[in-house]
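Enquirer: The following file, input_27.txt, comprises compact mmCIF, C-alpha atoms:
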```txt
# COMPACT_ATOMS: atom_id res chain seq x y z
CA MET A 1 -1.30 -17.78 15.61
CA PRO A 2 0.26 -15.26 13.18
CA ASP A 3 3.68 -15.49 14.92
CA SER A 4 4.30 -18.99 13.49
CA ASN A 5 5.27 -17.43 10.12
CA MET A 6 7.95 -15.17 11.63
CA PRO A 7 11.02 -16.91 10.03
CA THR A 8 9.33 -16.75 6.59
CA ARG A 9 8.59 -13.06 7.09
CA ILE A 10 12.18 -12.32 8.14
CA ILE A 11 13.46 -14.11 5.00
CA ALA A 12 10.97 -12.15 2.86
CA ARG A 13 12.02 -8.83 4.43
CA THR A 14 15.71 -9.59 3.87
CA ALA A 15 15.08 -10.63 0.25
CA ILE A 16 13.03 -7.49 -0.51
CA ALA A 17 15.59 -5.19 1.15
CA SER A 18 18.39 -6.87 -0.86
CA LEU A 19 16.42 -6.47 -4.11
CA VAL A 20 15.81 -2.76 -3.50
CA LEU A 21 19.43 -2.23 -2.48
CA ALA A 22 20.62 -4.01 -5.65
CA ALA A 23 18.30 -1.82 -7.75
CA LEU A 24 19.70 1.33 -6.09
CA VAL A 25 23.28 0.18 -6.78
CA LEU A 26 22.35 -0.43 -10.44
CA ILE A 27 20.65 2.98 -10.70
CA PHE A 28 23.46 5.01 -9.13
CA PHE A 29 26.58 3.10 -10.18
CA VAL A 30 25.82 0.92 -13.22
CA ALA A 31 23.31 2.83 -15.37
CA PRO A 32 25.03 5.06 -17.95
CA THR A 33 24.74 8.82 -17.47
CA GLU A 34 22.36 10.46 -19.96
CA ALA A 35 24.02 13.05 -22.22
CA THR A 36 21.44 15.88 -22.11
CA MET A 37 20.09 15.82 -18.54
CA GLY A 38 23.10 14.28 -16.79
CA GLU A 39 22.76 12.69 -13.33
CA VAL A 40 19.21 13.95 -12.73
CA GLN A 41 17.93 11.59 -15.44
CA ARG A 42 18.35 8.79 -12.85
CA ILE A 43 15.06 10.00 -11.27
CA LEU A 44 13.35 8.25 -14.22
CA TYR A 45 14.14 4.75 -12.84
CA LEU A 46 12.30 5.51 -9.59
CA HIS A 47 9.56 7.56 -11.26
CA VAL A 48 8.56 4.84 -13.75
CA SER A 49 8.70 2.11 -11.05
CA VAL A 50 6.48 3.92 -8.55
CA ALA A 51 4.11 5.07 -11.33
CA TRP A 52 3.65 1.44 -12.41
CA CYS A 53 3.09 0.32 -8.79
CA GLY A 54 0.64 3.19 -8.22
CA LEU A 55 -1.51 2.28 -11.21
CA ALA A 56 -1.31 -1.44 -10.36
CA GLY A 57 -2.42 -0.64 -6.79
CA CYS A 58 -5.45 1.32 -7.97
CA VAL A 59 -6.47 -1.46 -10.40
CA ALA A 60 -5.94 -4.11 -7.68
CA MET A 61 -8.09 -2.10 -5.25
CA ALA A 62 -10.96 -1.97 -7.75
CA TRP A 63 -10.54 -5.64 -8.70
CA CYS A 64 -10.61 -6.76 -5.03
CA GLY A 65 -13.57 -4.42 -4.47
CA ALA A 66 -15.43 -6.14 -7.32
CA ALA A 67 -14.52 -9.52 -5.78
CA TYR A 68 -15.99 -8.30 -2.46
CA LEU A 69 -19.23 -7.26 -4.18
CA VAL A 70 -19.52 -10.75 -5.67
CA ARG A 71 -18.39 -12.83 -2.65
CA ARG A 72 -19.32 -10.48 0.25
CA ARG A 73 -16.29 -11.67 2.22
CA LEU A 74 -14.41 -9.05 4.30
CA ASP A 75 -11.10 -10.65 3.34
CA TRP A 76 -11.47 -9.12 -0.14
CA ASP A 77 -11.99 -5.73 1.45
CA PHE A 78 -8.73 -6.14 3.39
CA TRP A 79 -6.92 -6.88 0.11
CA SER A 80 -8.67 -3.95 -1.54
CA GLN A 81 -7.71 -1.49 1.20
CA ALA A 82 -4.13 -2.77 1.42
CA SER A 83 -3.46 -2.53 -2.33
CA GLY A 84 -5.25 0.82 -2.56
CA GLU A 85 -3.19 2.31 0.27
CA VAL A 86 0.13 1.14 -1.15
CA GLY A 87 -0.99 2.25 -4.62
CA TRP A 88 -1.92 5.67 -3.29
CA LEU A 89 1.49 5.98 -1.57
CA CYS A 90 3.16 5.10 -4.90
CA THR A 91 0.97 7.62 -6.77
CA SER A 92 2.03 10.30 -4.27
CA LEU A 93 5.67 9.38 -4.91
CA THR A 94 5.01 9.48 -8.68
CA LEU A 95 3.81 13.07 -8.34
CA VAL A 96 6.82 14.03 -6.16
CA THR A 97 9.43 12.38 -8.42
CA GLY A 98 7.67 13.66 -11.55
CA SER A 99 7.67 17.17 -10.13
CA ALA A 100 11.43 16.98 -9.45
CA TRP A 101 11.96 15.68 -12.99
CA ALA A 102 9.77 18.49 -14.44
CA HIS A 103 11.78 21.10 -12.54
CA GLU A 104 15.01 19.89 -14.11
CA ALA A 105 13.68 19.06 -17.61
CA TRP A 106 11.02 21.72 -18.23
CA GLY A 107 12.06 24.42 -15.71
CA THR A 108 8.81 24.22 -13.72
CA TRP A 109 7.65 22.13 -10.74
CA TRP A 110 4.16 21.66 -12.16
CA THR A 111 2.29 22.16 -15.41
CA TRP A 112 -1.36 21.35 -16.18
CA GLU A 113 -0.55 18.91 -18.96
CA PRO A 114 -2.79 15.82 -19.57
CA ARG A 115 -0.62 13.09 -17.97
CA LEU A 116 0.12 15.14 -14.86
CA THR A 117 -3.46 16.36 -14.47
CA SER A 118 -5.00 12.88 -14.87
CA SER A 119 -2.48 11.50 -12.33
CA LEU A 120 -3.42 14.24 -9.86
CA VAL A 121 -7.12 13.45 -10.39
CA LEU A 122 -6.37 9.77 -9.62
CA TRP A 123 -4.54 10.81 -6.44
CA PHE A 124 -7.52 12.92 -5.30
CA VAL A 125 -10.07 10.22 -6.17
CA PHE A 126 -8.29 7.59 -4.07
CA ALA A 127 -7.60 10.07 -1.25
CA GLY A 128 -11.37 10.73 -1.26
CA ILE A 129 -12.12 7.00 -1.07
CA PHE A 130 -9.91 6.65 2.02
CA LEU A 131 -11.61 9.67 3.63
CA VAL A 132 -15.03 8.11 3.00
CA ARG A 133 -13.80 4.75 4.36
CA SER A 134 -12.58 6.36 7.57
CA SER A 135 -16.01 7.91 8.19
CA ILE A 136 -17.94 4.58 8.11
CA ASP A 137 -17.89 2.28 11.17
CA ASP A 138 -19.78 -0.77 9.91
CA PRO A 139 -17.19 -3.01 8.11
CA GLN A 140 -19.67 -4.46 5.55
CA HIS A 141 -21.15 -1.07 4.69
CA ARG A 142 -17.65 0.44 4.43
CA ALA A 143 -16.48 -2.38 2.15
CA ARG A 144 -19.53 -2.00 -0.13
CA ILE A 145 -19.20 1.80 -0.51
CA SER A 146 -15.42 1.54 -1.00
CA ALA A 147 -15.80 -1.17 -3.67
CA VAL A 148 -18.27 0.92 -5.68
CA LEU A 149 -16.15 4.08 -5.38
CA SER A 150 -12.93 2.26 -6.35
CA LEU A 151 -14.67 0.84 -9.45
CA VAL A 152 -15.62 4.40 -10.42
CA GLY A 153 -12.14 5.74 -9.58
CA VAL A 154 -10.30 3.12 -11.60
CA CYS A 155 -11.88 4.55 -14.81
CA ASP A 156 -9.19 7.26 -14.57
CA VAL A 157 -6.36 4.70 -14.97
CA PRO A 158 -6.75 4.22 -18.78
CA LEU A 159 -6.84 8.00 -19.08
CA VAL A 160 -3.53 8.29 -17.18
CA ILE A 161 -1.92 5.60 -19.36
CA MET A 162 -3.21 6.93 -22.70
CA ALA A 163 -2.99 10.68 -21.89
CA THR A 164 0.33 11.08 -23.70
CA ARG A 165 -1.07 9.42 -26.85
CA TRP A 166 -4.59 10.86 -26.91
CA PHE A 167 -3.73 14.48 -26.01
CA ARG A 168 -0.93 16.84 -26.95
CA GLY A 169 1.35 17.40 -23.96
CA VAL A 170 4.99 17.79 -22.90
CA HIS A 171 5.26 14.45 -21.06
CA PRO A 172 7.38 11.96 -23.10
CA VAL A 173 5.43 9.01 -24.59
CA THR A 174 8.20 6.37 -24.60
CA PRO A 175 11.63 7.94 -24.03
CA GLU A 176 14.47 6.53 -26.15
CA MET A 177 16.99 4.64 -24.01
CA GLU A 178 20.23 2.73 -24.38
CA PRO A 179 20.04 -1.07 -23.75
CA GLY A 180 21.96 -0.60 -20.46
CA MET A 181 19.41 1.93 -19.26
CA ARG A 182 16.51 -0.34 -20.26
CA LEU A 183 17.99 -3.21 -18.25
CA VAL A 184 18.39 -1.03 -15.13
CA LEU A 185 14.82 0.26 -15.59
CA LEU A 186 13.54 -3.32 -15.79
CA ALA A 187 15.49 -4.31 -12.65
CA SER A 188 14.14 -1.25 -10.85
CA VAL A 189 10.51 -1.98 -11.85
CA VAL A 190 10.86 -5.64 -10.76
CA SER A 191 12.38 -4.81 -7.35
CA PHE A 192 9.90 -2.02 -6.56
CA SER A 193 7.03 -4.30 -7.64
CA ALA A 194 8.31 -6.92 -5.18
CA LEU A 195 8.46 -4.26 -2.45
CA PHE A 196 4.91 -3.18 -3.39
CA ALA A 197 3.61 -6.77 -3.18
CA TYR A 198 5.33 -7.30 0.19
CA LEU A 199 3.80 -4.10 1.62
CA VAL A 200 0.33 -5.13 0.40
CA VAL A 201 0.64 -8.58 2.03
CA GLU A 202 1.88 -7.08 5.33
CA ARG A 203 -0.82 -4.39 5.36
CA ARG A 204 -3.55 -6.98 4.69
CA ARG A 205 -2.28 -9.00 7.66
CA HIS A 206 -2.30 -5.82 9.76
CA LEU A 207 -5.94 -5.13 8.82
CA GLU A 208 -6.97 -8.73 9.53
CA LEU A 209 -5.31 -8.65 12.96
CA SER A 210 -6.98 -5.33 13.72
CA GLU A 211 -10.41 -6.76 12.86
CA ARG A 212 -9.72 -9.91 14.93
CA ALA A 213 -8.67 -7.83 17.97
CA ALA A 214 -11.83 -5.71 17.68
CA GLU A 215 -14.02 -8.86 17.42
CA LEU A 216 -12.32 -10.48 20.45
CA GLU A 217 -12.69 -7.31 22.53
CA ALA A 218 -16.37 -7.10 21.61
CA ALA A 219 -16.82 -10.78 22.56
CA VAL A 220 -15.11 -10.22 25.94
CA TRP A 221 -17.31 -7.20 26.66
CA ARG A 222 -20.43 -9.16 25.70
CA GLY A 223 -19.26 -11.92 28.08
CA ILE A 224 -18.81 -9.44 30.95
CA ALA A 225 -22.18 -7.79 30.29
CA ASN A 226 -24.06 -11.14 29.95
CA PRO A 227 -22.13 -13.81 31.92
CA MET B 1 22.80 15.95 -8.20
CA GLY B 2 21.10 17.59 -5.18
CA THR B 3 17.61 17.18 -6.69
CA LEU B 4 18.34 13.53 -7.50
CA LEU B 5 19.49 12.68 -3.97
CA VAL B 6 16.65 14.61 -2.29
CA THR B 7 14.06 12.86 -4.52
CA TYR B 8 15.41 9.38 -3.68
CA ALA B 9 15.69 10.29 0.01
CA ILE B 10 12.04 11.43 0.15
CA ALA B 11 10.84 8.27 -1.64
CA LEU B 12 12.86 5.88 0.54
CA ALA B 13 11.89 7.73 3.75
CA ALA B 14 8.18 7.56 2.84
CA VAL B 15 8.28 3.84 2.00
CA SER B 16 10.38 3.03 5.11
CA ALA B 17 8.02 4.99 7.38
CA TYR B 18 4.98 3.18 5.96
CA ALA B 19 6.65 -0.25 6.23
CA THR B 20 7.78 0.44 9.82
CA TRP B 21 4.26 1.58 10.77
CA ILE B 22 2.77 -1.66 9.36
CA ILE B 23 5.36 -3.99 10.92
CA ILE B 24 5.30 -2.38 14.39
CA GLY B 25 1.50 -2.09 14.25
CA ALA B 26 1.13 -5.76 13.34
CA SER B 27 3.41 -6.97 16.15
CA ARG B 28 1.47 -4.79 18.65
CA LEU B 29 -1.79 -6.28 17.39
CA VAL B 30 -0.43 -9.82 17.80
CA ARG B 31 0.41 -9.03 21.44
CA ARG B 32 -3.04 -7.42 21.93
CA VAL B 33 -4.86 -10.46 20.53
CA LYS B 34 -2.82 -12.79 22.78
CA ARG B 35 -3.58 -10.59 25.82
CA ILE B 36 -7.32 -10.56 25.10
CA ASP B 37 -7.28 -14.35 24.59
CA THR B 38 -5.55 -14.83 27.97
CA HIS B 39 -7.99 -12.47 29.73
CA ALA B 40 -10.97 -14.16 28.10
CA ILE B 41 -9.81 -17.63 29.21
CA SER B 42 -9.13 -16.53 32.81
CA ALA B 43 -12.49 -14.68 32.94
CA GLN B 44 -14.25 -17.82 31.68
CA GLN B 45 -12.49 -19.95 34.33
CA ALA B 46 -13.44 -17.46 37.06
CA LEU B 47 -17.06 -17.60 35.95
CA GLN B 48 -17.11 -21.42 35.89
CA ARG B 49 -15.47 -21.90 39.33
CA PRO B 50 -18.53 -21.11 41.59
CA ASP B 51 -20.69 -23.45 39.48
CA LYS B 52 -18.24 -26.31 40.01
CA GLN B 53 -18.12 -25.65 43.80
CA LEU B 54 -21.93 -25.62 43.92
CA HIS B 55 -22.04 -28.85 41.93
CA ASN B 56 -19.53 -30.52 44.28
CA ALA B 57 -21.43 -29.30 47.34
CA ALA B 58 -24.66 -30.69 45.97
```
Show the structure stored in the file as structure tokens.
Expert:
Amino acid sequence: MPDSNMPTRIIARTAIASLVLAALVLIFFVAPTEATMGEVQRILYLHVSVAWCGLAGCVAMAWCGAAYLVRRRLDWDFWSQASGEVGWLCTSLTLVTGSAWAHEAWGTWWTWEPRLTSSLVLWFVFAGIFLVRSSIDDPQHRARISAVLSLVGVCDVPLVIMATRWFRGVHPVTPEMEPGMRLVLLASVVSFSALFAYLVVERRRHLELSERAAELEAAVWRGIANP
Amino acid sequence: MGTLLVTYAIALAAVSAYATWIIIGASRLVRRVKRIDTHAISAQQALQRPDKQLHNAA
């Protein structure tokens, strides 16, 4: 039964919480204060980390969707949904943290510049996929439709990454940073990636349990109807 | 400083809420699966009992 892994999960939770806490300490107390923007520049460490996790989640969703289309095993759909959900949460946080950054740096909460617009499109595409998923009852049909849509949606990811290079905009391409800042950014990206991976694993387990409970209930009802 | 703290608070609250929802949801599902298993076994036993009695009587 799934409970047998409880000690491992408790260790994993403690390790992830410690990593995130260490990253926060580094961000707030170790990273040097930027000269122009001051304290608000520290938003960057969170913004870059969640943006990376958001894009990784969308790519992982499409990749697992493709694996489902090849193998036709629902387990791949669980991975696809789990990584897509966590990726979508991170993309939402990217938009929120980016908006706060924009308010301080550019004097506006939002501007229709290429990187921001392509990120918003990605957010809407994956929100749409989850809406479509929730409207389909048959698990195999849902997995098939979701896999195809996520493969279409992931085409926006290169556009998000390359938007600052291909189009003229106000979003920085690669901001110049001191070595101390780079180290804190790296630590932040690593710890938030670990948190992202942990959430994906836990969500996949949640989806698997949900499917198992539904199957068992259906089997019990079939047994009562046809003893 | 206010914007910085509010931004981090929103992000941490969102991630914590999602993680809590998954963890609590999963532990509820584990209990649900166990309960269904128990009910299924007792229902199966109840269904088999009359057959055994009939077999013994015969």
Enquirer: Show me, as a PyMOL selection string, the residues of chain A whose atoms get within 7 Å of chain B, using only C-alpha atoms for the distance check.
Expert: chain A and resi 39-40+43+93+97+100+199+202-203+206+209-210+213+216-217+220
Enquirer: Give me the residues within 10 Å of Arg73 of chain A as a ChimeraX atom specification, counting only C-alpha atoms and dropping any in the same chain fewer than 6 places off.
Expert: /A:67,140,143
Enquirer: Could you state the separation of atom CA of Ser18 of chain A and atom CA of Met181 of chain A in Å, given to one decimal place?
Expert: 20.4 Å
Enquirer: Using only C-alpha atoms, collect all residues at a distance of at most 10 Å from (3.5, 8.2, -17.2) as written in the file, then present them as JSON, numbers by chain.
Expert: {"A": [47, 48, 51, 52, 55, 94, 98, 115, 116, 118, 119, 160, 161, 162, 163, 164, 171, 172, 173, 174]}
Enquirer: Take atom CA of Arg205 of chain A and atom CA of Phe78 of chain A and report the distance between them in Å, one decimal.
Expert: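 Calculated distance between atom CA of Arg205 of chain A and atom CA of Phe78 of chain A is 8.2 Å.
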Enquirer: Interatomic distance between atom CA of Arg133 of chain A and atom CA of Leu89 of chain A?
Expert: 16.4 Å
Enquirer: Env of Val157 of chain A: 8 Å cut, atoms = only C-alpha atoms, seq-sep filter 5 positions within chain, self excluded. Answer as a ChimeraX atom specification.
Expert: /A:55,58-59,122
Enquirer: Do you know which residues lie at most 12 Å from (17.9, -8.3, -5.1), with coordinates as in the file and all atoms listed in the file counted, and could you write them as number ranges by chain?
Expert: A: 12-26, 187-195
Enquirer: Taking into account only C-alpha atoms, which residue in the set A:Ile10, A:Val170, A:Leu207, A:Ala218 is nearest to Asp75 of chain A?
Expert: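 For Asp75 of chain A, the nearest of the candidates is A:Leu207.
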Enquirer: I need the residue nearest Trp123 of chain A from this list: A:Phe28, A:Trp110, A:Trp88, A:Trp101. Use all atoms listed in the file for the distance.
Expert: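 For Trp123 of chain A, the nearest of the given residues is A:Trp88.
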